[in-house]
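Asks: This structure is in structure tokens; I'll ask about it shortly.
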Amino acid sequence: MLRNLKSPETYFQAAFRVQSPWSIKNPNGDNPNEEEILKPVCFVFDFAPTRALRQLCEYGIGLSPNESNPENAVKDLVAFLPVLAYDGANMTQIDAGSILDIAMAGTSATLLARKWESALLVNVDNGTLRRILDSPEAMAAVARIEGWRTLGDNVIETIINKSEKVKDLKKKAKEKDLTEREKQQLSEAEREYKSKRKLIQEKLIKFATRIPAFMYLTDFRENTLQDVITKLEPDLFLTVTGLTVQDFHLLVRLKVFNTEHMNQAVFAFRRYEDASLRYTGIESHSGLTHYGLYDTVIAKELES
């Protein structure tokens with residue numbers, strides 16, 4: 001593999017195109033039922049190992065989006081797709097933890113920060129927006145998110161109403177042809193609600209990007225981030241993000257934030273932080289036995 005492919009799916013599709021079956025029937029000419037497999041195994045050599053392992057990590061995590069521990073997700077993938085490291089004389093298989101360490105150590109802080117800019121971290125579907133709209137406390141909480149007030153007072157109602165109107169017009173279009181006026185209304189309504197939904201998504205993501213700063217400032221590592229926010233350092237959280245613990249707790253309960261993806265983003269931050277400090281000879285938190293993710297805790301594998 002020589003190309004820098006951004007999509008893990010495209011990377012593996014290109015790599016394993018050569019793995020398509022290659023066999024011949026009746027190789028000796030005396031048994032029509034005999035089949036000889038001429039290509040039993042495939043090796044992929046990548047001369048940019050960090051790139052390859054990063055793609056592997058992203059692909060494994062993507063295959064198990066509800067797995068709170070990314071190491072388990074990668075472990076499931078490498079059980080079927082072993083990774084071999086060549087040290088100049090031997091090839092040895094490396095485990096999921098080593099793969100994540102190498103991939104994270106080679107990840108720049110900028111790339112890592114993009115995990116906190118992902119649309120997967122927040123939910124802005126109509127169901128979630130209705131739950132916010134039906135709760136005065138939630139409406140007050142989102143109003144305190146930086147830049148929210150610039151969206152207007154009725155932005156959530158507008159999105160829900162316009163999307164319902166689009167749904168009705170599209171249903172009507174299946175039954176009979178729309179008039180030119182109805183087609184124009186459909187186009188305008190669809191454009192407006194998509195635009196406003198994207199603006200809401202951007203404001204929520206902007207809030208999420210402040211969480212890494214909070215993680216960097218707090219010194220707790222074995223507690224879940226949820227506990228650190230709500231029990232250990234609520235004042236620091238308010239200072240960094242602008243939301244109170246009660247506000248954030250409520251929005252999480254309403255599924256505004258996707259906790260599975262938050263777990264993965266916190267995990268990536270912890271691994272990168274440790275790998276980076278270890279590279280400079282610093283042991284940030286000696287005796288650490290567990291990593292606290294967003295709402296779960298996982299054991300840290302200790303070196304024997």
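Going by the structure tokens order, chains are called A, B, ..., each with residues numbered from 1, while ligands are numbered from 1 in the order shown.
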Each residue of segment 58-155 of chain A lying at most 12 Å from segment 173-194 of chain A should get a row with its shortest atom-to-atom pair and the distance in Å to one decimal, counting only C-alpha atoms; could you produce that, ordered by chain and increasing number, as JSON lines?
Replies:
```
{"residue": "A:Val124", "atom": "CA", "partner": "A:Lys194", "partner_atom": "CA", "distance": 10.7}
{"residue": "A:Asp125", "atom": "CA", "partner": "A:Lys194", "partner_atom": "CA", "distance": 10.7}
{"residue": "A:Asn126", "atom": "CA", "partner": "A:Tyr193", "partner_atom": "CA", "distance": 10.8}
{"residue": "A:Val155", "atom": "CA", "partner": "A:Tyr193", "partner_atom": "CA", "distance": 9.1}
```
Asks: Can you pull out every residue within 10 Å of Leu129 of chain A, counting only C-alpha atoms, but drop anything in the same chain fewer than 2 positions away, and send it as a PDB file with all heavy atoms, in the first residue's frame?
Replies:
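For reference, around.pdb as written:
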```
ATOM      1  N   ASN A 123     -26.694  14.309  18.726  1.00  0.00           N
ATOM      2  CA  ASN A 123     -27.907  13.871  18.035  1.00  0.00           C
ATOM      3  C   ASN A 123     -28.818  15.074  17.815  1.00  0.00           C
ATOM      4  O   ASN A 123     -29.173  15.758  18.780  1.00  0.00           O
ATOM      5  CB  ASN A 123     -28.643  12.815  18.862  1.00  0.00           C
ATOM      6  CG  ASN A 123     -27.793  11.567  19.077  1.00  0.00           C
ATOM      7  OD1 ASN A 123     -27.195  11.054  18.147  1.00  0.00           O
ATOM      8  ND2 ASN A 123     -27.746  11.083  20.308  1.00  0.00           N
ATOM      9  N   VAL A 124     -29.180  15.318  16.560  1.00  0.00           N
ATOM     10  CA  VAL A 124     -30.056  16.457  16.250  1.00  0.00           C
ATOM     11  C   VAL A 124     -31.251  16.012  15.412  1.00  0.00           C
ATOM     12  O   VAL A 124     -31.806  16.800  14.643  1.00  0.00           O
ATOM     13  CB  VAL A 124     -29.278  17.590  15.531  1.00  0.00           C
ATOM     14  CG1 VAL A 124     -28.310  18.269  16.471  1.00  0.00           C
ATOM     15  CG2 VAL A 124     -28.540  17.066  14.300  1.00  0.00           C
ATOM     16  N   ASP A 125     -31.639  14.742  15.563  1.00  0.00           N
ATOM     17  CA  ASP A 125     -32.820  14.256  14.862  1.00  0.00           C
ATOM     18  C   ASP A 125     -34.071  14.847  15.500  1.00  0.00           C
ATOM     19  O   ASP A 125     -34.031  15.424  16.595  1.00  0.00           O
ATOM     20  CB  ASP A 125     -32.869  12.724  14.912  1.00  0.00           C
ATOM     21  CG  ASP A 125     -32.845  12.215  16.347  1.00  0.00           C
ATOM     22  OD1 ASP A 125     -31.741  12.159  16.943  1.00  0.00           O
ATOM     23  OD2 ASP A 125     -33.925  11.926  16.886  1.00  0.00           O
ATOM     24  N   ASN A 126     -35.209  14.698  14.839  1.00  0.00           N
ATOM     25  CA  ASN A 126     -36.446  15.298  15.340  1.00  0.00           C
ATOM     26  C   ASN A 126     -36.832  14.777  16.717  1.00  0.00           C
ATOM     27  O   ASN A 126     -37.363  15.518  17.553  1.00  0.00           O
ATOM     28  CB  ASN A 126     -37.589  15.034  14.349  1.00  0.00           C
ATOM     29  CG  ASN A 126     -37.603  16.047  13.220  1.00  0.00           C
ATOM     30  OD1 ASN A 126     -36.682  16.839  13.083  1.00  0.00           O
ATOM     31  ND2 ASN A 126     -38.636  16.010  12.393  1.00  0.00           N
ATOM     32  N   GLY A 127     -36.595  13.485  16.972  1.00  0.00           N
ATOM     33  CA  GLY A 127     -36.934  12.926  18.280  1.00  0.00           C
ATOM     34  C   GLY A 127     -36.180  13.611  19.398  1.00  0.00           C
ATOM     35  O   GLY A 127     -36.760  13.966  20.440  1.00  0.00           O
ATOM     36  N   ARG A 131     -37.580  16.235  22.415  1.00  0.00           N
ATOM     37  CA  ARG A 131     -37.338  16.057  23.855  1.00  0.00           C
ATOM     38  C   ARG A 131     -36.804  17.343  24.483  1.00  0.00           C
ATOM     39  O   ARG A 131     -37.154  17.683  25.613  1.00  0.00           O
ATOM     40  CB  ARG A 131     -36.358  14.895  24.082  1.00  0.00           C
ATOM     41  CG  ARG A 131     -36.958  13.526  23.819  1.00  0.00           C
ATOM     42  CD  ARG A 131     -36.080  12.408  24.368  1.00  0.00           C
ATOM     43  NE  ARG A 131     -34.809  12.292  23.678  1.00  0.00           N
ATOM     44  CZ  ARG A 131     -34.626  11.564  22.576  1.00  0.00           C
ATOM     45  NH1 ARG A 131     -35.652  10.910  22.029  1.00  0.00           N
ATOM     46  NH2 ARG A 131     -33.434  11.483  22.014  1.00  0.00           N
ATOM     47  N   ILE A 132     -35.954  18.051  23.750  1.00  0.00           N
ATOM     48  CA  ILE A 132     -35.453  19.344  24.242  1.00  0.00           C
ATOM     49  C   ILE A 132     -36.602  20.342  24.335  1.00  0.00           C
ATOM     50  O   ILE A 132     -36.776  21.040  25.335  1.00  0.00           O
ATOM     51  CB  ILE A 132     -34.349  19.891  23.315  1.00  0.00           C
ATOM     52  CG1 ILE A 132     -33.125  18.965  23.310  1.00  0.00           C
ATOM     53  CG2 ILE A 132     -33.933  21.295  23.749  1.00  0.00           C
ATOM     54  CD1 ILE A 132     -32.061  19.367  22.302  1.00  0.00           C
ATOM     55  N   LEU A 133     -37.412  20.387  23.267  1.00  0.00           N
ATOM     56  CA  LEU A 133     -38.509  21.355  23.195  1.00  0.00           C
ATOM     57  C   LEU A 133     -39.537  21.127  24.293  1.00  0.00           C
ATOM     58  O   LEU A 133     -40.110  22.088  24.833  1.00  0.00           O
ATOM     59  CB  LEU A 133     -39.180  21.242  21.820  1.00  0.00           C
ATOM     60  CG  LEU A 133     -40.163  22.338  21.412  1.00  0.00           C
ATOM     61  CD1 LEU A 133     -39.472  23.700  21.395  1.00  0.00           C
ATOM     62  CD2 LEU A 133     -40.771  22.020  20.056  1.00  0.00           C
ATOM     63  N   ASP A 134     -39.759  19.868  24.660  1.00  0.00           N
ATOM     64  CA  ASP A 134     -40.756  19.547  25.683  1.00  0.00           C
ATOM     65  C   ASP A 134     -40.266  19.794  27.109  1.00  0.00           C
ATOM     66  O   ASP A 134     -41.042  19.651  28.064  1.00  0.00           O
ATOM     67  CB  ASP A 134     -41.182  18.071  25.549  1.00  0.00           C
ATOM     68  CG  ASP A 134     -41.967  17.803  24.274  1.00  0.00           C
ATOM     69  OD1 ASP A 134     -42.471  18.781  23.693  1.00  0.00           O
ATOM     70  OD2 ASP A 134     -42.047  16.633  23.847  1.00  0.00           O
ATOM     71  N   MET A 139     -34.446  23.549  27.383  1.00  0.00           N
ATOM     72  CA  MET A 139     -34.419  24.739  26.539  1.00  0.00           C
ATOM     73  C   MET A 139     -33.546  25.819  27.173  1.00  0.00           C
ATOM     74  O   MET A 139     -32.786  26.517  26.483  1.00  0.00           O
ATOM     75  CB  MET A 139     -35.847  25.259  26.334  1.00  0.00           C
ATOM     76  CG  MET A 139     -36.697  24.398  25.411  1.00  0.00           C
ATOM     77  SD  MET A 139     -36.093  24.385  23.703  1.00  0.00           S
ATOM     78  CE  MET A 139     -36.462  26.080  23.205  1.00  0.00           C
ATOM     79  N   ILE A 156     -35.833  25.426  16.974  1.00  0.00           N
ATOM     80  CA  ILE A 156     -36.194  24.002  17.066  1.00  0.00           C
ATOM     81  C   ILE A 156     -37.581  23.757  16.485  1.00  0.00           C
ATOM     82  O   ILE A 156     -37.794  22.800  15.728  1.00  0.00           O
ATOM     83  CB  ILE A 156     -36.109  23.521  18.531  1.00  0.00           C
ATOM     84  CG1 ILE A 156     -34.650  23.547  19.009  1.00  0.00           C
ATOM     85  CG2 ILE A 156     -36.678  22.108  18.663  1.00  0.00           C
ATOM     86  CD1 ILE A 156     -34.446  23.084  20.442  1.00  0.00           C
ATOM     87  N   GLU A 157     -38.561  24.619  16.840  1.00  0.00           N
ATOM     88  CA  GLU A 157     -39.906  24.466  16.276  1.00  0.00           C
ATOM     89  C   GLU A 157     -39.873  24.555  14.753  1.00  0.00           C
ATOM     90  O   GLU A 157     -40.554  23.799  14.050  1.00  0.00           O
ATOM     91  CB  GLU A 157     -40.849  25.549  16.819  1.00  0.00           C
ATOM     92  CG  GLU A 157     -41.105  25.468  18.315  1.00  0.00           C
ATOM     93  CD  GLU A 157     -40.235  26.450  19.084  1.00  0.00           C
ATOM     94  OE1 GLU A 157     -39.017  26.509  18.798  1.00  0.00           O
ATOM     95  OE2 GLU A 157     -40.770  27.133  19.974  1.00  0.00           O
ATOM     96  N   ILE A 159     -37.416  23.797  12.674  1.00  0.00           N
ATOM     97  CA  ILE A 159     -36.851  22.576  12.091  1.00  0.00           C
ATOM     98  C   ILE A 159     -37.882  21.457  12.073  1.00  0.00           C
ATOM     99  O   ILE A 159     -38.085  20.789  11.051  1.00  0.00           O
ATOM    100  CB  ILE A 159     -35.603  22.128  12.877  1.00  0.00           C
ATOM    101  CG1 ILE A 159     -34.462  23.112  12.659  1.00  0.00           C
ATOM    102  CG2 ILE A 159     -35.170  20.717  12.464  1.00  0.00           C
ATOM    103  CD1 ILE A 159     -33.264  22.875  13.554  1.00  0.00           C
ATOM    104  N   ILE A 160     -38.565  21.258  13.204  1.00  0.00           N
ATOM    105  CA  ILE A 160     -39.551  20.170  13.294  1.00  0.00           C
ATOM    106  C   ILE A 160     -40.712  20.407  12.337  1.00  0.00           C
ATOM    107  O   ILE A 160     -41.125  19.510  11.588  1.00  0.00           O
ATOM    108  CB  ILE A 160     -40.058  20.024  14.742  1.00  0.00           C
ATOM    109  CG1 ILE A 160     -38.914  19.551  15.650  1.00  0.00           C
ATOM    110  CG2 ILE A 160     -41.228  19.044  14.805  1.00  0.00           C
ATOM    111  CD1 ILE A 160     -39.263  19.520  17.129  1.00  0.00           C
ATOM    112  N   ARG A 197     -30.787  22.777  11.012  1.00  0.00           N
ATOM    113  CA  ARG A 197     -30.362  21.594  11.761  1.00  0.00           C
ATOM    114  C   ARG A 197     -28.841  21.530  11.824  1.00  0.00           C
ATOM    115  O   ARG A 197     -28.259  21.200  12.849  1.00  0.00           O
ATOM    116  CB  ARG A 197     -30.916  20.320  11.116  1.00  0.00           C
ATOM    117  CG  ARG A 197     -30.832  19.108  12.051  1.00  0.00           C
ATOM    118  CD  ARG A 197     -31.179  17.821  11.329  1.00  0.00           C
ATOM    119  NE  ARG A 197     -32.518  17.750  10.822  1.00  0.00           N
ATOM    120  CZ  ARG A 197     -33.582  17.397  11.535  1.00  0.00           C
ATOM    121  NH1 ARG A 197     -33.447  17.107  12.826  1.00  0.00           N
ATOM    122  NH2 ARG A 197     -34.778  17.324  10.989  1.00  0.00           N
ATOM    123  N   ILE A 200     -27.543  23.990  14.447  1.00  0.00           N
ATOM    124  CA  ILE A 200     -27.670  23.448  15.800  1.00  0.00           C
ATOM    125  C   ILE A 200     -26.570  22.429  16.064  1.00  0.00           C
ATOM    126  O   ILE A 200     -25.940  22.415  17.127  1.00  0.00           O
ATOM    127  CB  ILE A 200     -29.066  22.802  15.996  1.00  0.00           C
ATOM    128  CG1 ILE A 200     -30.120  23.893  16.161  1.00  0.00           C
ATOM    129  CG2 ILE A 200     -29.080  21.871  17.206  1.00  0.00           C
ATOM    130  CD1 ILE A 200     -31.517  23.371  16.425  1.00  0.00           C
ATOM    131  N   LEU A 254     -31.236  13.247  27.838  1.00  0.00           N
ATOM    132  CA  LEU A 254     -32.130  13.403  26.685  1.00  0.00           C
ATOM    133  C   LEU A 254     -31.492  12.901  25.394  1.00  0.00           C
ATOM    134  O   LEU A 254     -32.047  13.072  24.315  1.00  0.00           O
ATOM    135  CB  LEU A 254     -32.533  14.878  26.526  1.00  0.00           C
ATOM    136  CG  LEU A 254     -33.380  15.478  27.658  1.00  0.00           C
ATOM    137  CD1 LEU A 254     -33.658  16.942  27.396  1.00  0.00           C
ATOM    138  CD2 LEU A 254     -34.685  14.699  27.827  1.00  0.00           C
ATOM    139  N   LYS A 255     -30.290  12.301  25.511  1.00  0.00           N
ATOM    140  CA  LYS A 255     -29.576  11.707  24.363  1.00  0.00           C
ATOM    141  C   LYS A 255     -29.096  12.749  23.361  1.00  0.00           C
ATOM    142  O   LYS A 255     -28.940  12.461  22.176  1.00  0.00           O
ATOM    143  CB  LYS A 255     -30.450  10.675  23.634  1.00  0.00           C
ATOM    144  CG  LYS A 255     -30.982   9.552  24.523  1.00  0.00           C
ATOM    145  CD  LYS A 255     -29.873   8.687  25.060  1.00  0.00           C
ATOM    146  CE  LYS A 255     -30.395   7.509  25.850  1.00  0.00           C
ATOM    147  NZ  LYS A 255     -29.327   6.696  26.462  1.00  0.00           N
ATOM    148  N   VAL A 256     -28.903  13.995  23.824  1.00  0.00           N
ATOM    149  CA  VAL A 256     -28.349  15.026  22.933  1.00  0.00           C
ATOM    150  C   VAL A 256     -26.907  14.676  22.582  1.00  0.00           C
ATOM    151  O   VAL A 256     -26.453  14.906  21.466  1.00  0.00           O
ATOM    152  CB  VAL A 256     -28.429  16.417  23.598  1.00  0.00           C
ATOM    153  CG1 VAL A 256     -27.771  17.476  22.724  1.00  0.00           C
ATOM    154  CG2 VAL A 256     -29.882  16.775  23.883  1.00  0.00           C
TER     155      VAL A 256
END
```
Asks: What lies within 8 Å of segment 140-148 of chain A using only C-alpha atoms, ignoring chain neighbours under 3 positions off, as a list in words?
Replies: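 With the cut-off at 8 Å, the set is Pro136, Glu137, Leu151, Gly152, Ile200, Lys203, Leu204, Phe207, Gly242, Leu243, Asp247, Phe248 and Leu251 of chain A.
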Asks: Based on the selection just made, write N, CA, C and O atoms of those residues as a PDB file, in the first residue's frame.
Replies:
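After the write, result_28.pdb holds the following:
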```pdb
ATOM      1  N   PRO A 136     -38.649  22.600  29.550  1.00  0.00           N
ATOM      2  CA  PRO A 136     -38.210  23.989  29.764  1.00  0.00           C
ATOM      3  C   PRO A 136     -36.784  24.062  30.302  1.00  0.00           C
ATOM      4  O   PRO A 136     -36.025  24.970  29.939  1.00  0.00           O
ATOM      5  N   GLU A 137     -36.415  23.103  31.162  1.00  0.00           N
ATOM      6  CA  GLU A 137     -35.045  23.084  31.698  1.00  0.00           C
ATOM      7  C   GLU A 137     -34.021  22.853  30.592  1.00  0.00           C
ATOM      8  O   GLU A 137     -32.960  23.481  30.567  1.00  0.00           O
ATOM      9  N   LEU A 151     -29.195  31.745  16.858  1.00  0.00           N
ATOM     10  CA  LEU A 151     -30.000  30.910  15.966  1.00  0.00           C
ATOM     11  C   LEU A 151     -31.454  31.362  15.915  1.00  0.00           C
ATOM     12  O   LEU A 151     -32.202  30.951  15.026  1.00  0.00           O
ATOM     13  N   GLY A 152     -31.866  32.179  16.891  1.00  0.00           N
ATOM     14  CA  GLY A 152     -33.262  32.625  16.930  1.00  0.00           C
ATOM     15  C   GLY A 152     -34.055  31.892  18.004  1.00  0.00           C
ATOM     16  O   GLY A 152     -33.681  30.819  18.458  1.00  0.00           O
ATOM     17  N   ILE A 200     -27.543  23.990  14.447  1.00  0.00           N
ATOM     18  CA  ILE A 200     -27.670  23.448  15.800  1.00  0.00           C
ATOM     19  C   ILE A 200     -26.570  22.429  16.064  1.00  0.00           C
ATOM     20  O   ILE A 200     -25.940  22.415  17.127  1.00  0.00           O
ATOM     21  N   LYS A 203     -23.289  24.137  16.845  1.00  0.00           N
ATOM     22  CA  LYS A 203     -23.212  24.729  18.188  1.00  0.00           C
ATOM     23  C   LYS A 203     -22.951  23.648  19.246  1.00  0.00           C
ATOM     24  O   LYS A 203     -22.156  23.846  20.174  1.00  0.00           O
ATOM     25  N   LEU A 204     -23.609  22.500  19.101  1.00  0.00           N
ATOM     26  CA  LEU A 204     -23.411  21.408  20.062  1.00  0.00           C
ATOM     27  C   LEU A 204     -22.006  20.830  19.954  1.00  0.00           C
ATOM     28  O   LEU A 204     -21.377  20.494  20.960  1.00  0.00           O
ATOM     29  N   PHE A 207     -19.516  23.022  21.645  1.00  0.00           N
ATOM     30  CA  PHE A 207     -19.493  22.768  23.082  1.00  0.00           C
ATOM     31  C   PHE A 207     -18.655  21.514  23.382  1.00  0.00           C
ATOM     32  O   PHE A 207     -17.844  21.499  24.310  1.00  0.00           O
ATOM     33  N   GLY A 242     -19.008  26.408  30.237  1.00  0.00           N
ATOM     34  CA  GLY A 242     -20.113  27.356  30.310  1.00  0.00           C
ATOM     35  C   GLY A 242     -21.424  26.746  30.735  1.00  0.00           C
ATOM     36  O   GLY A 242     -22.421  27.453  30.897  1.00  0.00           O
ATOM     37  N   LEU A 243     -21.491  25.421  30.903  1.00  0.00           N
ATOM     38  CA  LEU A 243     -22.707  24.755  31.355  1.00  0.00           C
ATOM     39  C   LEU A 243     -22.533  24.237  32.781  1.00  0.00           C
ATOM     40  O   LEU A 243     -21.446  23.815  33.158  1.00  0.00           O
ATOM     41  N   ASP A 247     -27.174  21.125  33.882  1.00  0.00           N
ATOM     42  CA  ASP A 247     -27.469  21.333  32.458  1.00  0.00           C
ATOM     43  C   ASP A 247     -26.946  20.166  31.621  1.00  0.00           C
ATOM     44  O   ASP A 247     -27.671  19.580  30.814  1.00  0.00           O
ATOM     45  N   PHE A 248     -25.680  19.848  31.822  1.00  0.00           N
ATOM     46  CA  PHE A 248     -25.039  18.815  31.020  1.00  0.00           C
ATOM     47  C   PHE A 248     -25.677  17.455  31.284  1.00  0.00           C
ATOM     48  O   PHE A 248     -25.933  16.679  30.354  1.00  0.00           O
ATOM     49  N   LEU A 251     -28.952  17.158  29.379  1.00  0.00           N
ATOM     50  CA  LEU A 251     -28.776  16.978  27.938  1.00  0.00           C
ATOM     51  C   LEU A 251     -28.285  15.573  27.597  1.00  0.00           C
ATOM     52  O   LEU A 251     -28.679  15.004  26.581  1.00  0.00           O
TER      53      LEU A 251
END
```
Asks: Do a neighbour search on segment 43-45 of chain A at 9 Å with only C-alpha atoms, toss out local chain neighbours closer than 4 positions, and write the hits as a ChimeraX atom specification.
Replies: /A:1,15-16,19,49
Asks: So, counting only C-alpha atoms, which residue among A:Val166, A:Val266, A:Leu53, A:Ala138 is closest to Thr244 of chain A?
Replies: A:Ala138
Asks: Taking the backbone alone, and naming residues the way the document does, which bits of segment 61-218 of chain A are strand (DSSP E) by DSSP, as number ranges by chain?
Replies: A: 84-86, 91-93
Asks: Store the residues picked out above in a file with C-alpha atoms, as a PDB file, in the first residue's frame.
Replies:
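Once everything was written out, this is again_23.pdb:
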```pdb
ATOM      1  CA  LEU A  84       2.459  -8.741  11.821  1.00  0.00           C
ATOM      2  CA  ALA A  85       5.398  -6.518  12.717  1.00  0.00           C
ATOM      3  CA  TYR A  86       8.717  -7.078  10.930  1.00  0.00           C
ATOM      4  CA  MET A  91       7.630 -11.417  11.854  1.00  0.00           C
ATOM      5  CA  THR A  92       5.680 -11.313  15.108  1.00  0.00           C
ATOM      6  CA  GLN A  93       1.970 -10.781  15.637  1.00  0.00           C
TER       7      GLN A  93
END
```
Asks: Atom CA of Trp116 of chain A to atom CA of Pro70 of chain A: how many Å, to one decimal?
Replies: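 Atom-to-atom, atom CA of Trp116 of chain A and atom CA of Pro70 of chain A are spaced 15.8 Å apart.
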Asks: Quick one: everything within 9 Å of Ser23 of chain A, counting only C-alpha atoms, minus sequence neighbours fewer than 2 positions away in the same chain. Send it as a list in words.
Replies: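 So, after excluding close chain neighbours, the residues are Pro21, Lys25, Glu35, Glu36, Ile37, Leu38, Lys39 and Pro40 of chain A.
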Asks: For segment 5-10 of chain A, work out the shell of residues within 9 Å, counting only C-alpha atoms and skipping chain neighbours fewer than 5 positions away, then give it as a list in words.
Replies: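 That gives Ala15, Arg54, Gln55, Leu56, Cys57, Glu58 and Tyr59 of chain A.
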Asks: Which value, in Å to one decimal, gives the distance between atom CA of Val122 of chain A and atom CA of Ile205 of chain A?
Replies: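 That distance, rounded to one decimal, is 6.9 Å.
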